[in-house]
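To start, the structure under review is shown below, and the notes come after it.
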Amino acid sequence: MRFLHFSDVHLEDGFREVPWRRFLNKRFVGYANLFLRRRKYYARAPQKLARLAEFMEAIDVDVALCSGDYTALGTAPELAHARAIVRPFEAAPGGFVTVPGNHDVYLPDALEVFEAHFGDLLVNDLPELAADGVWPLVRLFGEHVAVVCVNSSRPNPPVFRSSGRVPDAQLAALERVFTHPKVAGRFVFVMTHYAPRLASGRPDTPQHGLENADALLAATARLERGAIVHGHVHKCFALRVPETGVPLCGAGSTTMEGREGLWIYDVEPDGAWITRGRWEGESWRLDEGSRIPLADLPVVVPPARPSTAG
Ligand SMILES: [Fe+2]
Ligand SMILES: [Fe+2]
């Protein structure tokens with residue numbers, strides 16, 4: 001069974017319809033940042049996604065996964081615009097599974113708006129195990145694979161904070177999900193927006209990272225087969241770390257100019273493989289030479305920081 005994982009598409013459009021009073025807050029800083037710095041990196045995002053939907057069909061993807069950050073500022077017109085652009089991914093035979101990113105729930109007024117536009121994708125095959133709204137959200141695919149989504153994104157009104165946290169209720173529920181008879185023994189994708197570790201194996205910064213990354217890694221340590229798949233850090237990387245037996249796979253930003261990334265996972269009863277997808281300027285290509293078993297990803301142990309004591 002083949003899975004496409006993309007992330008952080010940042011479809012930065014739809015602002016014309018946003019009332020000006022919505023910008024009298026953190027969005028003013030975000031909007032200025034967008035025009036001064038970011039916008040040029042995402043100008044071709046819609047084209048890249050249109051080509052990606054064609055690529056998905058051409059390489060026989062069964063299920064599409066997106067780990068959030070569809071927008072820049074989480075306004076209703078942006079979310080509506082993004083939802084329309086990613087609609088082709090629902091054509092995957094197994095459908096489209098997603099979580100929100102921090103940019104999609106930028107401020108408290110965006111939480112309900114995200115659900116209004118993306119709520120039809122938030123279908124839970126084991127709703128009786130949900131502990132925090134629809135989360136954890138479980139999808140079962142065939143006899144061998146499950147996707148378990150936890151929402152680590154939250155509004156961050158302070159201007160310079162973009163950190164996340166998996167609520168304790170969701171973390172506690174993971175134990176019940178992983179041991180449930182319909183999930184136990186399957187290969188489990190744990191999908192969330194925030195990265196538990198950077199490519200270096202280190203945690204992200206307190207201002208930008210996942211507050212309880214260690215707790216999430218500990219919760220997955222009981223899984224025999226699976227992967228944590230995430231976005232947020234705009235760099236495509238995959239590694240294993242000593243804290244858990246499952247690899248960490250970050251799709252980076254699939255549409256960011258010069259950093260385009262995505263992963264293809266092939267999960268079979270006897271193994272799982274990861275292959276990098278690459279943007280070639282006008283189309284996507286599967287980098288067959290990069291294909292390796294997930295179990296063969298390198299374990300990255302960050303070097304100890306020099307002691308400052310004494
Ligand atoms: Fe992002
Ligand atoms: Fe993010």
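Chain identifiers are assigned as A, B, and so on, following the order in which chains appear in the structure tokens; residues are numbered from 1 within each chain, and ligands are numbered from 1 in order of appearance.
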
Residue contacts of stretch 94-106 of chain A (7 Å, only C-alpha atoms) excluding same-chain residues fewer than 5 positions away, as a PyMOL selection string: chain A and resi 62-74+89+111+114+121+149+151+153-156+192-193

Test item, strand (DSSP E or B) assignment across stretch 112-291 of chain A, answer as a PyMOL selection string: chain A and resi 132+135+137-141+145-149+164+187-191+210+226-230+237-240+248-250+262-268+271-279+284-291

Would you mind exporting the chosen residues as a PDB file, in the first residue's frame, restricted to C-alpha atoms?
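The resulting again-v7.pdb:
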```pdb
ATOM      1  CA  ASP A 132     -10.099  15.720  22.694  1.00  0.00           C
ATOM      2  CA  TRP A 135      -8.403  13.527  18.323  1.00  0.00           C
ATOM      3  CA  LEU A 137      -8.186  10.457  14.851  1.00  0.00           C
ATOM      4  CA  VAL A 138      -7.696   6.877  13.636  1.00  0.00           C
ATOM      5  CA  ARG A 139      -7.968   5.634  10.060  1.00  0.00           C
ATOM      6  CA  LEU A 140      -7.631   1.956   9.211  1.00  0.00           C
ATOM      7  CA  PHE A 141      -6.360   0.909   5.772  1.00  0.00           C
ATOM      8  CA  VAL A 145      -1.923  -0.129   8.213  1.00  0.00           C
ATOM      9  CA  ALA A 146      -3.373   2.518  10.531  1.00  0.00           C
ATOM     10  CA  VAL A 147      -2.938   6.289  10.491  1.00  0.00           C
ATOM     11  CA  VAL A 148      -3.264   7.877  13.926  1.00  0.00           C
ATOM     12  CA  CYS A 149      -3.463  11.681  13.888  1.00  0.00           C
ATOM     13  CA  GLY A 164       2.993  23.420  19.688  1.00  0.00           C
ATOM     14  CA  PHE A 187       2.048  -0.589  10.847  1.00  0.00           C
ATOM     15  CA  VAL A 188       1.051   2.743  12.444  1.00  0.00           C
ATOM     16  CA  PHE A 189       1.684   6.171  10.970  1.00  0.00           C
ATOM     17  CA  VAL A 190       1.475   8.741  13.767  1.00  0.00           C
ATOM     18  CA  MET A 191       0.817  12.048  12.023  1.00  0.00           C
ATOM     19  CA  LEU A 210       6.904  20.805  20.170  1.00  0.00           C
ATOM     20  CA  GLY A 226       5.375   2.560  12.179  1.00  0.00           C
ATOM     21  CA  ALA A 227       6.614   6.089  11.607  1.00  0.00           C
ATOM     22  CA  ILE A 228       5.996   9.557  12.992  1.00  0.00           C
ATOM     23  CA  VAL A 229       5.205  11.788  10.020  1.00  0.00           C
ATOM     24  CA  HIS A 230       5.192  15.549  10.415  1.00  0.00           C
ATOM     25  CA  PHE A 237      14.398  14.800   6.302  1.00  0.00           C
ATOM     26  CA  ALA A 238      13.984  11.359   7.856  1.00  0.00           C
ATOM     27  CA  LEU A 239      15.917   9.776  10.678  1.00  0.00           C
ATOM     28  CA  ARG A 240      15.700   7.485  13.656  1.00  0.00           C
ATOM     29  CA  LEU A 248      10.672  10.394  12.204  1.00  0.00           C
ATOM     30  CA  CYS A 249       9.833  11.613   8.704  1.00  0.00           C
ATOM     31  CA  GLY A 250       9.400  15.314   7.984  1.00  0.00           C
ATOM     32  CA  LEU A 262       7.738  14.958  -0.065  1.00  0.00           C
ATOM     33  CA  TRP A 263       7.927  11.298   0.902  1.00  0.00           C
ATOM     34  CA  ILE A 264       6.387   8.174  -0.577  1.00  0.00           C
ATOM     35  CA  TYR A 265       5.950   5.262   1.826  1.00  0.00           C
ATOM     36  CA  ASP A 266       5.353   1.718   0.579  1.00  0.00           C
ATOM     37  CA  VAL A 267       4.001  -0.422   3.400  1.00  0.00           C
ATOM     38  CA  GLU A 268       3.701  -4.164   2.885  1.00  0.00           C
ATOM     39  CA  GLY A 271       8.410  -4.390   5.291  1.00  0.00           C
ATOM     40  CA  ALA A 272       8.133  -0.652   4.684  1.00  0.00           C
ATOM     41  CA  TRP A 273      10.161   1.567   2.382  1.00  0.00           C
ATOM     42  CA  ILE A 274      10.630   5.312   2.027  1.00  0.00           C
ATOM     43  CA  THR A 275      11.385   7.142  -1.220  1.00  0.00           C
ATOM     44  CA  ARG A 276      11.980  10.846  -1.792  1.00  0.00           C
ATOM     45  CA  GLY A 277       9.904  12.784  -4.329  1.00  0.00           C
ATOM     46  CA  ARG A 278      11.630  15.662  -6.118  1.00  0.00           C
ATOM     47  CA  TRP A 279      10.357  18.753  -7.936  1.00  0.00           C
ATOM     48  CA  TRP A 284       7.467  15.716  -9.803  1.00  0.00           C
ATOM     49  CA  ARG A 285       9.785  12.722  -9.982  1.00  0.00           C
ATOM     50  CA  LEU A 286      10.192   9.701  -7.738  1.00  0.00           C
ATOM     51  CA  ASP A 287      13.874   9.465  -6.778  1.00  0.00           C
ATOM     52  CA  GLU A 288      14.130   5.668  -7.013  1.00  0.00           C
ATOM     53  CA  GLY A 289      17.775   5.771  -5.982  1.00  0.00           C
ATOM     54  CA  SER A 290      16.798   7.134  -2.578  1.00  0.00           C
ATOM     55  CA  ARG A 291      14.439   4.220  -1.764  1.00  0.00           C
TER      56      ARG A 291
END
```

Nearby residues (only C-alpha atoms) at most 12 Å from A:Ala84, same-chain spacing under 2 positions excluded, as an NGL selection string: :A and (11 or 13-14 or 46 or 49-50 or 70 or 77-82 or 86-90 or 117-118)

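Atom CA of A:Thr254 sits 27.6 Å away from atom CA of A:Arg186.
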
Within-7 Å residues of ligand 1, basis only C-alpha atoms and all ligand atoms, as a list in words: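 What falls inside 7 Å of ligand 1 is Asp8, His10, Asp69, His103, Gly231, His232, Val233, His234 and Ser253 of chain A.
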
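Proximity to ligand 2 was assessed for A:Ala195, A:Cys236, A:Val61, A:Leu126 counting only C-alpha atoms and all ligand atoms; the smallest distance is recorded for A:Ala195.
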
Selected residue of minimal separation from ligand 2 among A:Ser163, A:Lys182, A:Glu128, A:Leu4, counting only C-alpha atoms and all ligand atoms: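 Smallest separation from ligand 2 among the options: A:Ser163.
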
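Minimum atom-to-atom distance to ligand 2, evaluated using only C-alpha atoms and all ligand atoms, belongs to A:Tyr194 out of A:Ala215, A:Ala295, A:Tyr194, A:Val183.
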
Shell of 8 Å around stretch 171-181 of chain A, only C-alpha atoms, local chain residues under 2 positions omitted, as a list of chain:residue names: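 Contacts, with the query itself left out: A:Leu129, A:Ala130, A:Ala131, A:Pro136, A:Val166, A:Pro167, A:Asp168, A:Ala169, A:Val183, A:Ala184, A:Ala215, A:Leu216, A:Ala219, A:Leu223.
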
Counting only C-alpha atoms and all ligand atoms, the residue of A:Ser152, A:Thr255, A:Thr220, A:Gln47 that sits nearest ligand 2: A:Ser152

Which of A:Gly281, A:Gly185, A:Gly252, A:Pro203 sits closest to ligand 2 [using only C-alpha atoms and all ligand atoms]: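 The answer is A:Gly252, which sits nearest to ligand 2.
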
Point-to-point distance from atom CA of A:Asn124 to atom CA of A:Glu224, Å rounded to tenths: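 Atom CA of A:Asn124 sits 22.6 Å away from atom CA of A:Glu224.
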
All alpha helix (DSSP H) residues (DSSP, backbone) inside stretch 51-144 of chain A, as a count of residues only: 28

Two-atom distance - atom CA of A:Val300, atom CA of A:Pro269 (Å): 26.4 Å
